>>> print(open('my_file.csv').read())   # CSV, C-alpha atoms
chain,number,residue,atom,x,y,z
G,15,MET,CA,74.1,93.8,135.5
G,16,LYS,CA,77.0,96.1,136.1
G,17,LYS,CA,78.5,93.8,138.7
G,18,ILE,CA,78.3,90.8,136.4
G,19,PHE,CA,80.1,92.7,133.7
G,20,ILE,CA,82.9,93.6,136.1
G,21,ILE,CA,83.3,90.0,137.2
G,22,VAL,CA,83.4,88.7,133.6
G,23,LEU,CA,86.0,91.3,132.7
G,24,ALA,CA,88.1,90.4,135.7
G,25,LEU,CA,88.0,86.7,134.9
G,26,SER,CA,89.0,87.5,131.3
G,27,ALA,CA,92.0,89.6,132.5
G,28,TYR,CA,93.0,86.7,134.8
G,29,SER,CA,93.0,84.2,132.0
G,30,VAL,CA,95.0,86.5,129.7
G,31,CYS,CA,97.7,87.1,132.4
G,32,PHE,CA,98.1,83.4,133.1
G,33,ALA,CA,97.8,82.1,129.5
G,34,GLN,CA,100.4,79.4,128.8
G,35,GLY,CA,102.7,80.2,125.9
G,36,LYS,CA,103.6,77.6,123.3
G,37,PHE,CA,107.2,77.1,122.0
G,38,ALA,CA,108.3,76.6,118.4
G,39,ALA,CA,111.8,75.4,117.6
G,40,ASN,CA,114.6,76.2,115.2
G,41,PHE,CA,118.2,75.3,114.6
G,42,THR,CA,121.1,77.2,113.0
G,43,ASN,CA,124.8,76.7,112.5
G,44,THR,CA,127.8,79.0,112.8
G,45,GLY,CA,130.6,77.2,111.1
G,46,ASN,CA,130.6,73.7,112.6
G,47,VAL,CA,128.7,74.7,115.8
G,48,LEU,CA,125.0,73.6,115.7
G,49,THR,CA,122.6,75.6,117.9
G,50,PHE,CA,119.0,74.6,118.9
G,51,LYS,CA,116.6,77.4,119.8
G,52,ILE,CA,113.0,77.7,121.0
G,53,ARG,CA,110.6,80.7,120.8
G,54,PRO,CA,107.4,81.3,122.7
G,55,ASP,CA,104.3,82.8,121.0
G,56,ILE,CA,103.4,85.0,124.0
G,57,ALA,CA,105.0,86.1,127.2
G,58,THR,CA,105.1,83.2,129.6
G,59,SER,CA,106.7,81.8,132.8
G,60,THR,CA,107.4,78.1,132.9
G,61,GLY,CA,109.8,75.4,133.8
G,62,PHE,CA,110.7,72.4,131.5
G,63,SER,CA,110.5,68.8,132.5
G,64,THR,CA,111.6,67.4,129.1
G,65,ILE,CA,113.0,68.8,125.8
G,66,GLU,CA,113.7,66.4,122.9
G,67,PHE,CA,115.2,67.3,119.5
G,68,PHE,CA,115.7,64.9,116.6
G,69,VAL,CA,118.3,65.4,113.8
G,70,ARG,CA,118.7,63.1,110.8
G,71,TYR,CA,121.2,63.0,108.0
G,72,PRO,CA,121.7,60.8,105.0
G,73,ASP,CA,123.3,57.4,105.0
G,74,PRO,CA,126.0,57.5,103.9
G,75,SER,CA,127.3,60.8,105.3
G,76,PRO,CA,130.8,62.0,106.3
G,77,ALA,CA,131.9,60.4,109.6
G,78,PHE,CA,131.7,62.9,112.4
G,79,SER,CA,131.4,63.2,116.2
G,80,TYR,CA,129.9,65.6,118.6
G,81,GLY,CA,132.1,67.8,120.8
G,82,ALA,CA,131.2,69.6,124.0
G,83,VAL,CA,127.6,70.6,124.6
G,84,THR,CA,127.1,74.1,125.9
G,85,VAL,CA,123.7,75.1,127.5
G,86,ASN,CA,122.3,78.6,127.8
G,87,THR,CA,122.0,78.6,131.5
G,88,ALA,CA,121.1,82.3,131.6
G,89,ALA,CA,117.8,81.5,130.0
G,90,PHE,CA,117.5,77.9,131.3
G,91,PRO,CA,118.8,78.0,134.8
G,92,ASN,CA,120.2,74.9,136.3
G,93,MET,CA,120.3,72.9,133.1
G,94,ALA,CA,123.6,71.0,133.0
G,95,GLY,CA,126.0,72.7,130.6
G,96,ASN,CA,128.5,70.0,129.8
G,97,GLY,CA,126.5,66.9,128.7
G,98,LEU,CA,128.4,64.8,126.2
G,99,VAL,CA,127.3,61.9,124.1
G,100,GLY,CA,125.8,59.5,126.5
G,101,GLY,CA,126.7,61.9,129.3
G,102,GLY,CA,123.2,62.7,130.6
G,103,ALA,CA,120.9,60.3,132.4
G,104,PRO,CA,117.1,60.6,132.8
G,105,GLY,CA,116.4,63.0,135.6
G,106,SER,CA,120.0,64.2,135.9
G,107,GLY,CA,119.4,67.7,134.4
G,108,ALA,CA,122.1,67.1,131.8
G,109,TRP,CA,121.7,66.8,128.1
G,110,GLU,CA,122.3,63.4,126.5
G,111,ILE,CA,122.9,62.6,122.8
G,112,GLU,CA,121.8,59.2,121.5
G,113,ARG,CA,123.2,58.2,118.1
G,114,ASP,CA,121.4,55.7,115.9
G,115,ASN,CA,119.2,54.4,118.7
G,116,PRO,CA,117.4,51.4,117.1
G,117,ALA,CA,114.1,52.8,118.4
G,118,TYR,CA,114.3,55.7,116.0
G,119,THR,CA,115.4,54.2,112.7
G,120,LEU,CA,114.4,55.3,109.2
G,121,ALA,CA,115.7,53.7,105.9
G,122,GLY,CA,118.3,55.9,104.3
G,123,PHE,CA,119.1,58.1,107.3
G,124,HIS,CA,121.0,58.2,110.5
G,125,VAL,CA,119.0,59.7,113.4
G,126,ASP,CA,120.5,61.4,116.5
G,127,HIS,CA,118.3,62.2,119.6
G,128,PHE,CA,119.1,65.2,121.9
G,129,ILE,CA,117.4,64.7,125.3
G,130,TYR,CA,116.9,66.8,128.4
G,131,THR,CA,115.1,65.4,131.4
G,132,ALA,CA,114.7,67.6,134.5
G,133,PRO,CA,115.3,66.3,138.0
G,134,ALA,CA,112.2,65.4,140.0
G,135,ILE,CA,112.1,69.0,141.2
G,136,VAL,CA,112.1,71.2,138.1
G,137,THR,CA,114.7,74.0,138.5
G,138,THR,CA,114.6,75.6,135.1
G,139,ALA,CA,111.7,77.9,135.6
G,140,ALA,CA,112.1,81.4,134.1
G,141,ALA,CA,110.2,84.1,132.3
G,142,TYR,CA,110.2,84.3,128.5
G,143,THR,CA,109.2,87.2,126.2
G,144,GLY,CA,106.8,86.4,123.4
G,145,GLY,CA,108.3,86.3,120.0
G,146,THR,CA,111.9,86.2,121.3
G,147,GLU,CA,114.0,83.2,120.4
G,148,TYR,CA,116.2,81.6,123.1
G,149,PRO,CA,119.2,79.4,122.2
G,150,VAL,CA,118.9,76.3,124.4
G,151,LEU,CA,122.1,74.4,123.6
G,152,SER,CA,125.0,74.4,121.1
G,153,VAL,CA,127.2,71.5,120.1
G,154,GLU,CA,130.3,71.2,118.0
G,155,LEU,CA,130.5,68.8,115.0
G,156,LEU,CA,133.9,67.3,114.5
G,157,GLY,CA,135.0,65.1,111.7
G,158,THR,CA,137.3,64.3,108.8
G,159,PRO,CA,136.9,64.7,105.0
G,160,PRO,CA,134.5,65.0,103.3
G,161,ASP,CA,134.2,68.4,105.0
G,162,ASN,CA,130.4,69.0,105.3
G,163,ILE,CA,127.2,67.3,106.2
G,164,ASP,CA,123.5,67.8,105.5
G,165,LEU,CA,121.3,68.0,108.6
G,166,GLN,CA,117.5,68.0,109.1
G,167,PHE,CA,115.7,69.0,112.3
G,168,VAL,CA,112.6,66.7,112.2
G,169,SER,CA,109.3,65.7,113.7
G,170,ASP,CA,106.7,63.4,112.2
G,171,ASP,CA,103.0,63.9,112.7
G,172,GLN,CA,102.5,60.4,114.1
G,173,GLU,CA,105.5,60.6,116.4
G,174,SER,CA,106.5,57.1,115.4
G,175,THR,CA,110.1,57.7,114.2
G,176,TYR,CA,111.0,61.0,115.8
G,177,TYR,CA,109.4,64.1,117.2
G,178,LEU,CA,109.8,67.5,118.8
G,179,ALA,CA,109.0,67.3,122.6
G,180,ILE,CA,108.7,70.3,125.0
G,181,THR,CA,106.9,69.9,128.2
G,182,ASP,CA,106.4,72.1,131.3
G,183,GLN,CA,107.2,71.3,134.9
G,184,ASN,CA,103.9,69.5,135.2
G,185,GLY,CA,104.3,67.4,132.0
G,186,GLY,CA,102.0,69.7,130.0
G,187,ASP,CA,102.6,70.0,126.3
G,188,LEU,CA,104.3,73.3,125.4
G,189,ARG,CA,104.3,72.7,121.6
G,190,PRO,CA,101.9,74.7,119.3
G,191,ALA,CA,98.6,73.1,118.6
G,192,ALA,CA,99.4,72.3,115.0
G,193,ILE,CA,102.5,70.4,113.9
G,194,SER,CA,102.9,72.9,111.0
G,195,ASP,CA,103.7,75.5,113.6
G,196,TYR,CA,106.4,73.4,115.4
G,197,PHE,CA,109.3,74.9,113.4
G,198,TYR,CA,110.2,78.5,112.4
G,199,PRO,CA,110.8,80.4,110.2
G,200,ALA,CA,110.0,77.9,107.5
G,201,PHE,CA,109.6,74.2,107.1
G,202,ALA,CA,109.2,71.5,104.5
G,203,THR,CA,107.4,68.2,104.5
G,204,THR,CA,108.1,64.8,103.1
G,205,PRO,CA,106.2,61.4,103.3
G,206,GLY,CA,107.2,59.2,106.2
G,207,PRO,CA,106.7,55.5,107.0
G,208,ASN,CA,103.2,54.1,107.4
G,209,GLY,CA,101.4,57.1,106.1
G,210,ALA,CA,103.2,59.6,108.4
G,211,SER,CA,104.1,63.1,107.2
G,212,ILE,CA,107.6,64.4,108.3
G,213,TYR,CA,108.1,68.1,109.0
G,214,TYR,CA,111.6,69.3,108.9
G,215,LEU,CA,114.1,72.2,108.8
G,216,GLU,CA,117.2,71.7,106.7
G,217,LEU,CA,120.8,72.8,107.0
G,218,LEU,CA,122.9,72.0,104.0
G,219,ASP,CA,126.7,71.7,103.8
G,220,VAL,CA,127.4,72.3,107.5
G,221,PRO,CA,131.3,72.4,107.5
G,222,LEU,CA,133.4,70.1,109.6
G,223,PRO,CA,136.6,71.7,110.8
G,224,VAL,CA,139.9,71.6,108.9
G,225,LYS,CA,140.0,69.6,105.7
G,226,PHE,CA,143.0,67.3,105.3
G,227,LEU,CA,143.4,66.9,101.5
G,228,ASN,CA,145.7,63.9,102.0
G,229,PHE,CA,148.0,62.1,104.4
G,230,THR,CA,150.6,59.5,103.6
G,231,ALA,CA,153.1,57.5,105.6
G,232,THR,CA,156.0,55.9,103.7
G,233,LYS,CA,158.9,53.7,104.9
G,234,ASN,CA,162.3,55.0,103.8
G,235,ASN,CA,165.0,52.7,105.0
G,236,ASN,CA,164.7,52.9,108.8
G,237,ALA,CA,162.5,56.0,108.9
G,238,ALA,CA,158.9,56.8,108.2
G,239,LEU,CA,158.2,59.9,106.0
G,240,LEU,CA,154.8,61.5,106.8
G,241,ASN,CA,153.3,64.0,104.3
G,242,TRP,CA,150.0,65.8,104.6
G,243,ALA,CA,148.2,68.7,102.9
G,244,VAL,CA,145.4,70.9,104.3
G,245,GLU,CA,142.9,73.3,103.0
G,246,ASN,CA,141.1,76.2,104.7
G,247,GLU,CA,144.1,76.8,107.0
G,248,ASP,CA,143.9,80.2,108.7
G,249,ALA,CA,145.4,82.2,111.6
G,250,ASN,CA,143.2,80.2,114.0
G,251,THR,CA,145.3,77.1,113.3
G,252,ALA,CA,147.6,76.6,116.4
G,253,ARG,CA,149.6,73.4,115.6
G,254,TYR,CA,149.7,69.9,114.2
G,255,GLU,CA,150.6,67.0,116.5
G,256,ILE,CA,152.0,63.8,115.2
G,257,GLU,CA,150.7,60.8,117.0
G,258,ARG,CA,152.0,57.2,116.9
G,259,SER,CA,150.6,53.8,118.0
G,260,LEU,CA,151.7,50.2,118.1
G,261,SER,CA,148.2,48.9,118.3
G,262,GLY,CA,146.4,51.2,115.9
G,263,VAL,CA,144.0,52.3,118.7
G,264,ASP,CA,145.9,53.9,121.6
G,265,PHE,CA,148.0,56.8,120.3
G,266,VAL,CA,150.6,59.0,121.9
G,267,LYS,CA,152.0,62.4,120.8
G,268,VAL,CA,155.6,62.2,119.5
G,269,ALA,CA,156.1,65.6,117.9
G,270,THR,CA,154.6,69.0,117.1
G,271,VAL,CA,154.7,70.9,113.8
G,272,ASN,CA,153.8,74.6,113.7
G,273,PRO,CA,151.6,76.0,110.9
G,274,LEU,CA,153.2,78.0,108.2
G,275,ASN,CA,151.0,81.1,108.8
G,276,ASN,CA,151.9,82.3,105.3
G,277,GLY,CA,148.4,83.6,104.5
G,278,ARG,CA,147.6,80.8,102.1
G,279,SER,CA,144.6,78.6,102.6
G,280,SER,CA,146.3,75.4,101.3
G,281,ASN,CA,149.6,74.2,102.6
G,282,SER,CA,151.7,71.0,102.7
G,283,TYR,CA,153.7,69.6,105.5
G,284,SER,CA,156.1,66.8,106.2
G,285,PHE,CA,157.7,65.0,109.2
G,286,THR,CA,160.3,62.2,109.5
G,287,GLN,CA,160.1,59.6,112.2
G,288,ASP,CA,163.7,58.3,112.5
G,289,ASN,CA,165.0,55.0,113.8
G,290,LEU,CA,161.9,52.8,113.4
G,291,SER,CA,163.7,49.7,114.6
G,292,SER,CA,164.2,51.2,118.1
G,293,ILE,CA,160.4,51.6,118.3
G,294,ARG,CA,159.4,48.2,117.0
G,295,SER,CA,161.5,45.4,115.6
G,296,SER,CA,158.8,43.9,113.3
G,297,GLY,CA,155.1,44.4,112.4
G,298,VAL,CA,153.4,47.7,111.9
G,299,ILE,CA,153.7,51.2,113.3
G,300,TYR,CA,150.6,53.5,113.0
G,301,PHE,CA,150.5,57.3,112.6
G,302,ARG,CA,147.9,60.0,112.5
G,303,ILE,CA,147.9,63.8,112.5
G,304,LYS,CA,145.9,66.0,115.0
G,305,GLN,CA,145.2,69.6,113.9
G,306,ILE,CA,144.4,71.9,116.8
G,307,ASP,CA,142.9,75.4,116.6
G,308,ARG,CA,143.7,78.2,119.0
G,309,ASP,CA,140.2,77.8,120.6
G,310,GLY,CA,141.0,74.2,121.4
G,311,LYS,CA,139.0,72.6,118.6
G,312,SER,CA,140.7,69.7,116.9
G,313,VAL,CA,140.4,67.2,114.1
G,314,TYR,CA,142.3,64.0,113.0
G,315,THR,CA,143.5,62.6,109.8
G,316,GLU,CA,142.8,59.0,108.9
G,317,ILE,CA,145.2,56.4,110.4
G,318,ARG,CA,148.2,55.4,108.2
G,319,SER,CA,150.5,52.5,108.8
G,320,VAL,CA,154.2,51.7,108.1
G,321,ARG,CA,155.1,48.1,107.7
G,322,LEU,CA,158.6,47.1,109.0
G,323,ASN,CA,159.6,43.6,108.0
G,324,SER,CA,156.2,42.0,108.1
G,325,ARG,CA,154.3,41.4,104.9
G,326,GLY,CA,151.3,39.4,106.2
G,327,LEU,CA,148.3,40.1,108.4
G,328,VAL,CA,149.0,42.1,111.5
G,329,VAL,CA,146.4,42.1,114.3
G,330,GLY,CA,146.1,44.0,117.6
G,331,VAL,CA,143.3,44.5,120.2
G,332,TYR,CA,142.8,47.3,122.7
G,333,PRO,CA,142.0,47.4,125.5
G,334,ASN,CA,142.8,43.9,126.8
G,335,PRO,CA,141.3,43.1,129.3
G,336,ILE,CA,138.0,44.3,127.7
G,337,LYS,CA,135.0,45.6,129.7
G,338,LEU,CA,132.5,46.5,127.0
G,339,THR,CA,134.0,47.0,123.5
G,340,ALA,CA,137.0,45.4,121.9
G,341,ASN,CA,138.8,47.6,119.3
G,342,VAL,CA,140.4,45.2,116.8
G,343,SER,CA,143.0,46.7,114.6
G,344,PHE,CA,144.4,44.8,111.6
G,345,ASP,CA,146.8,45.9,108.8
G,346,LEU,CA,146.4,44.4,105.4
G,347,ALA,CA,148.9,44.2,102.5
G,348,GLU,CA,146.0,44.1,100.1
G,349,ALA,CA,142.2,44.8,100.3
G,350,THR,CA,140.2,41.7,101.2
G,351,ASP,CA,137.2,40.5,103.1
G,352,VAL,CA,138.0,39.9,106.8
G,353,LEU,CA,136.2,37.5,109.2
G,354,ILE,CA,136.6,38.2,112.9
G,355,LYS,CA,135.5,35.6,115.5
G,356,VAL,CA,135.4,35.4,119.3
G,357,ILE,CA,135.5,31.8,120.4
G,358,ASP,CA,135.1,30.3,123.9
G,359,ALA,CA,137.0,27.5,125.5
G,360,SER,CA,134.6,24.9,124.1
G,361,GLY,CA,135.2,26.1,120.6
G,362,LYS,CA,131.8,27.8,120.3
G,363,GLN,CA,131.7,30.9,118.1
G,364,LEU,CA,130.1,33.6,120.2
G,365,ILE,CA,130.7,36.6,117.9
G,366,VAL,CA,131.2,36.4,114.2
G,367,SER,CA,131.7,39.7,112.2
G,368,GLN,CA,132.6,40.0,108.5
G,369,VAL,CA,133.9,43.3,107.3
G,370,GLN,CA,135.4,44.7,104.1
G,371,GLY,CA,139.2,45.2,104.8
G,372,PHE,CA,141.2,47.9,103.0
G,373,LYS,CA,144.9,48.0,102.2
G,374,GLY,CA,146.7,49.4,105.2
G,375,ALA,CA,145.2,50.2,108.6
G,376,ASN,CA,141.7,49.0,109.6
G,377,LEU,CA,139.7,49.2,112.8
G,378,SER,CA,136.7,47.1,113.8
G,379,LYS,CA,134.7,47.3,117.1
G,380,LEU,CA,133.2,44.2,118.8
G,381,ASN,CA,130.5,44.6,121.4
G,382,MET,CA,131.4,42.2,124.2
G,383,ALA,CA,129.1,43.6,126.9
G,384,LYS,CA,127.0,40.4,127.1
G,385,LEU,CA,129.9,38.0,127.3
G,386,ALA,CA,130.8,36.4,130.7
G,387,THR,CA,134.1,37.3,132.3
G,388,GLY,CA,136.9,35.0,131.3
G,389,SER,CA,139.4,34.2,128.5
G,390,TYR,CA,138.4,33.9,124.8
G,391,THR,CA,140.2,33.4,121.5
G,392,LEU,CA,140.1,36.2,119.0
G,393,SER,CA,140.5,34.8,115.4
G,394,VAL,CA,141.0,37.1,112.4
G,395,HIS,CA,140.9,35.6,108.9
G,396,ALA,CA,142.0,37.6,105.9
G,397,GLY,CA,142.4,35.8,102.6
G,398,THR,CA,144.5,32.7,103.3
G,399,GLU,CA,145.9,34.1,106.5
G,400,VAL,CA,144.7,33.6,110.0
G,401,LYS,CA,145.9,35.3,113.2
G,402,THR,CA,144.7,34.3,116.7
G,403,MET,CA,145.3,35.8,120.1
G,404,THR,CA,143.9,35.5,123.6
G,405,ILE,CA,141.7,38.2,124.9
G,406,VAL,CA,140.1,38.6,128.4
G,407,LYS,CA,136.6,39.9,129.2
G,408,SER,CA,136.7,41.6,132.6
G,409,GLU,CA,133.8,42.8,134.8
G,410,GLN,CA,132.1,45.9,133.8
>>> encode(input="my_file.csv", output="structure tokens")
Amino acid sequence: MKKIFIIVLALSAYSVCFAQGKFAANFTNTGNVLTFKIRPDIATSTGFSTIEFFVRYPDPSPAFSYGAVTVNTAAFPNMAGNGLVGGGAPGSGAWEIERDNPAYTLAGFHVDHFIYTAPAIVTTAAAYTGGTEYPVLSVELLGTPPDNIDLQFVSDDQESTYYLAITDQNGGDLRPAAISDYFYPAFATTPGPNGASIYYLELLDVPLPVKFLNFTATKNNNAALLNWAVENEDANTARYEIERSLSGVDFVKVATVNPLNNGRSSNSYSFTQDNLSSIRSSGVIYFRIKQIDRDGKSVYTEIRSVRLNSRGLVVGVYPNPIKLTANVSFDLAEATDVLIKVIDASGKQLIVSQVQGFKGANLSKLNMAKLATGSYTLSVHAGTEVKTMTIVKSEQ
């Protein structure tokens, strides 16, 4: 009887020592830097074959992009630390960010998908202390006014629209048994599609860096007068760079303006681009301002245009030849609907896109990935005006 007791006790101790911990998730922000974290319930040693996070935000929301992705390689060894949007590939060990993947759509929201897939040989194994949270990755949010965005870290109980996924080196589920324990320290629920329940954490008013209050570009004889005003300027602001373009897409730096550093949060600036006729004899010249912080972060104004002696529709395309996406810029004297067409040599309309055009500079993107290599006609209709040009689709 005594021997049996000792054997049972030994087996119990073995199972406790080798119990598999379960990881809950959280996200926080410091300014415009978003950080995803996970926390095991007990001490555990494991590797990770997949980690997937989903973030949603209302449609419409301020336009923003993701900056560099930084991974906590001390806690997650050999995870790639510089994955960018679309930068990771399945099995590469680098994080990838999918934006608005049609597979994960929900009415009224944008959905972004953060994915880590380990190489065939999982190299992330490490020991983790129970109850301790471990930052996994951080990513910058970059954008233009409005200056904040509302984010939700989400998972639905049917895993039909989005989910939290954490699996070990063998593909085993590392999430808590109940979806109500997926997130910490607190969560909310809301009804989802087809009877699903959506569990989420929410961050409100995540700031996007530097708020440009306004930016104007005005023609004055043979010069362009640029004026802009900023808010939340501080000692971290390094400089403002003036960028110019003839196409409205590809910009080059033409000047630098130093910050006033006068201790005020709101400041106004101006710059004069002289001798416009030496830059372009007719048509439109485009300008934008790039604000750069001392830590390298940056943000752009909207694009503004200065018309020279052209009063009608002005169209450009970049790049040309085109591999995947054509950036079609057009400048309008007045707001109007714009119809953009890509036509082949037989006159067949292969792409037709209708957009709302605004007075001044506009930019529209055309996906030409599925078109065969060769020459096409780009036709842009705005009101009673039509502009056509030849574009070339090259091999990918």
>>> closest_residue(input="my_file.csv", among="G:Pro335, G:Pro133, G:Gly374, G:Gly388", to="Ile357 of chain G", atoms="all atoms listed in the file")
G:Gly388
>>> residues_around(input="my_file.csv", residues="Asn275 of chain G", least_positions_apart="3", cutoff="8 Å", atoms="all atoms listed in the file", output="list in words")
Asp248, Ala249 and Arg278 of chain G
>>> residues_around(input="my_file.csv", residues="Val352 of chain G", least_positions_apart="5", cutoff="12 Å", atoms="all atoms listed in the file", output="PyMOL selection string")
chain G and resi 327+329+342-346+366-373+376-378+393-401
>>> write_last_selection(input="my_file.csv", atoms="C-alpha atoms", output="JSON list (two decimals), in the frame of the given file")
[["chain", "number", "residue", "atom", "x", "y", "z"],
["G", 327, "LEU", "CA", 148.30, 40.10, 108.40],
["G", 329, "VAL", "CA", 146.40, 42.10, 114.30],
["G", 342, "VAL", "CA", 140.40, 45.20, 116.80],
["G", 343, "SER", "CA", 143.00, 46.70, 114.60],
["G", 344, "PHE", "CA", 144.40, 44.80, 111.60],
["G", 345, "ASP", "CA", 146.80, 45.90, 108.80],
["G", 346, "LEU", "CA", 146.40, 44.40, 105.40],
["G", 366, "VAL", "CA", 131.20, 36.40, 114.20],
["G", 367, "SER", "CA", 131.70, 39.70, 112.20],
["G", 368, "GLN", "CA", 132.60, 40.00, 108.50],
["G", 369, "VAL", "CA", 133.90, 43.30, 107.30],
["G", 370, "GLN", "CA", 135.40, 44.70, 104.10],
["G", 371, "GLY", "CA", 139.20, 45.20, 104.80],
["G", 372, "PHE", "CA", 141.20, 47.90, 103.00],
["G", 373, "LYS", "CA", 144.90, 48.00, 102.20],
["G", 376, "ASN", "CA", 141.70, 49.00, 109.60],
["G", 377, "LEU", "CA", 139.70, 49.20, 112.80],
["G", 378, "SER", "CA", 136.70, 47.10, 113.80],
["G", 393, "SER", "CA", 140.50, 34.80, 115.40],
["G", 394, "VAL", "CA", 141.00, 37.10, 112.40],
["G", 395, "HIS", "CA", 140.90, 35.60, 108.90],
["G", 396, "ALA", "CA", 142.00, 37.60, 105.90],
["G", 397, "GLY", "CA", 142.40, 35.80, 102.60],
["G", 398, "THR", "CA", 144.50, 32.70, 103.30],
["G", 399, "GLU", "CA", 145.90, 34.10, 106.50],
["G", 400, "VAL", "CA", 144.70, 33.60, 110.00],
["G", 401, "LYS", "CA", 145.90, 35.30, 113.20]]
>>> residues_around(input="my_file.csv", residues="segment 194-201 of chain G", least_positions_apart="3", cutoff="6 Å", atoms="only C-alpha atoms", output="ChimeraX atom specification")
/G:38-40,214-215
>>> write_last_selection(input="my_file.csv", atoms="C-alpha atoms", output="PDB file, in the coordinates of the input")
ATOM      1  CA  ALA G  38     108.300  76.600 118.400  1.00  0.00           C
ATOM      2  CA  ALA G  39     111.800  75.400 117.600  1.00  0.00           C
ATOM      3  CA  ASN G  40     114.600  76.200 115.200  1.00  0.00           C
ATOM      4  CA  TYR G 214     111.600  69.300 108.900  1.00  0.00           C
ATOM      5  CA  LEU G 215     114.100  72.200 108.800  1.00  0.00           C
TER       6      LEU G 215
END
>>> closest_residue(input="my_file.csv", among="G:Leu239, G:Ile317, G:Ile163, G:Ile293", to="Asp219 of chain G", atoms="all atoms listed in the file")
G:Ile163
>>> residues_around(input="my_file.csv", residues="segment 174-187 of chain G", least_positions_apart="2", cutoff="6 Å", atoms="only C-alpha atoms", output="ChimeraX atom specification")
/G:61-67,118,136,169-170,172,189
>>> closest_residue(input="my_file.csv", among="G:Pro205, G:Ala237, G:Asn323, G:Thr404", to="Gln287 of chain G", atoms="all atoms listed in the file")
G:Ala237
>>> residues_around(input="my_file.csv", residues="Ser79 of chain G", least_positions_apart="2", cutoff="8 Å", atoms="only C-alpha atoms", output="CSV table (one decimal) with C-alpha atoms, in the frame of the given file")
chain,number,residue,atom,x,y,z
G,77,ALA,CA,131.9,60.4,109.6
G,81,GLY,CA,132.1,67.8,120.8
G,155,LEU,CA,130.5,68.8,115.0
G,156,LEU,CA,133.9,67.3,114.5
G,157,GLY,CA,135.0,65.1,111.7
>>> atom_distance(input="my_file.csv", atom1="atom CA of Asn246 of chain G", atom2="atom CA of Lys225 of chain G")
6.8 Å
>>> atom_distance(input="my_file.csv", atom1="atom CA of Phe78 of chain G", atom2="atom CA of Lys304 of chain G")
14.8 Å
>>> atom_distance(input="my_file.csv", atom1="atom CA of Glu110 of chain G", atom2="atom CA of Tyr148 of chain G")
19.5 Å
>>> closest_residue(input="my_file.csv", among="G:Asn289, G:Asn234, G:Pro74, G:Arg308", to="Asn250 of chain G", atoms="only C-alpha atoms")
G:Arg308
>>> closest_residue(input="my_file.csv", among="G:Phe167, G:Phe285, G:Phe229, G:Phe90", to="His127 of chain G", atoms="only C-alpha atoms")
G:Phe167
>>> closest_residue(input="my_file.csv", among="G:Ala140, G:Ala383, G:Leu338, G:Leu392", to="Leu353 of chain G", atoms="only C-alpha atoms")
G:Leu392
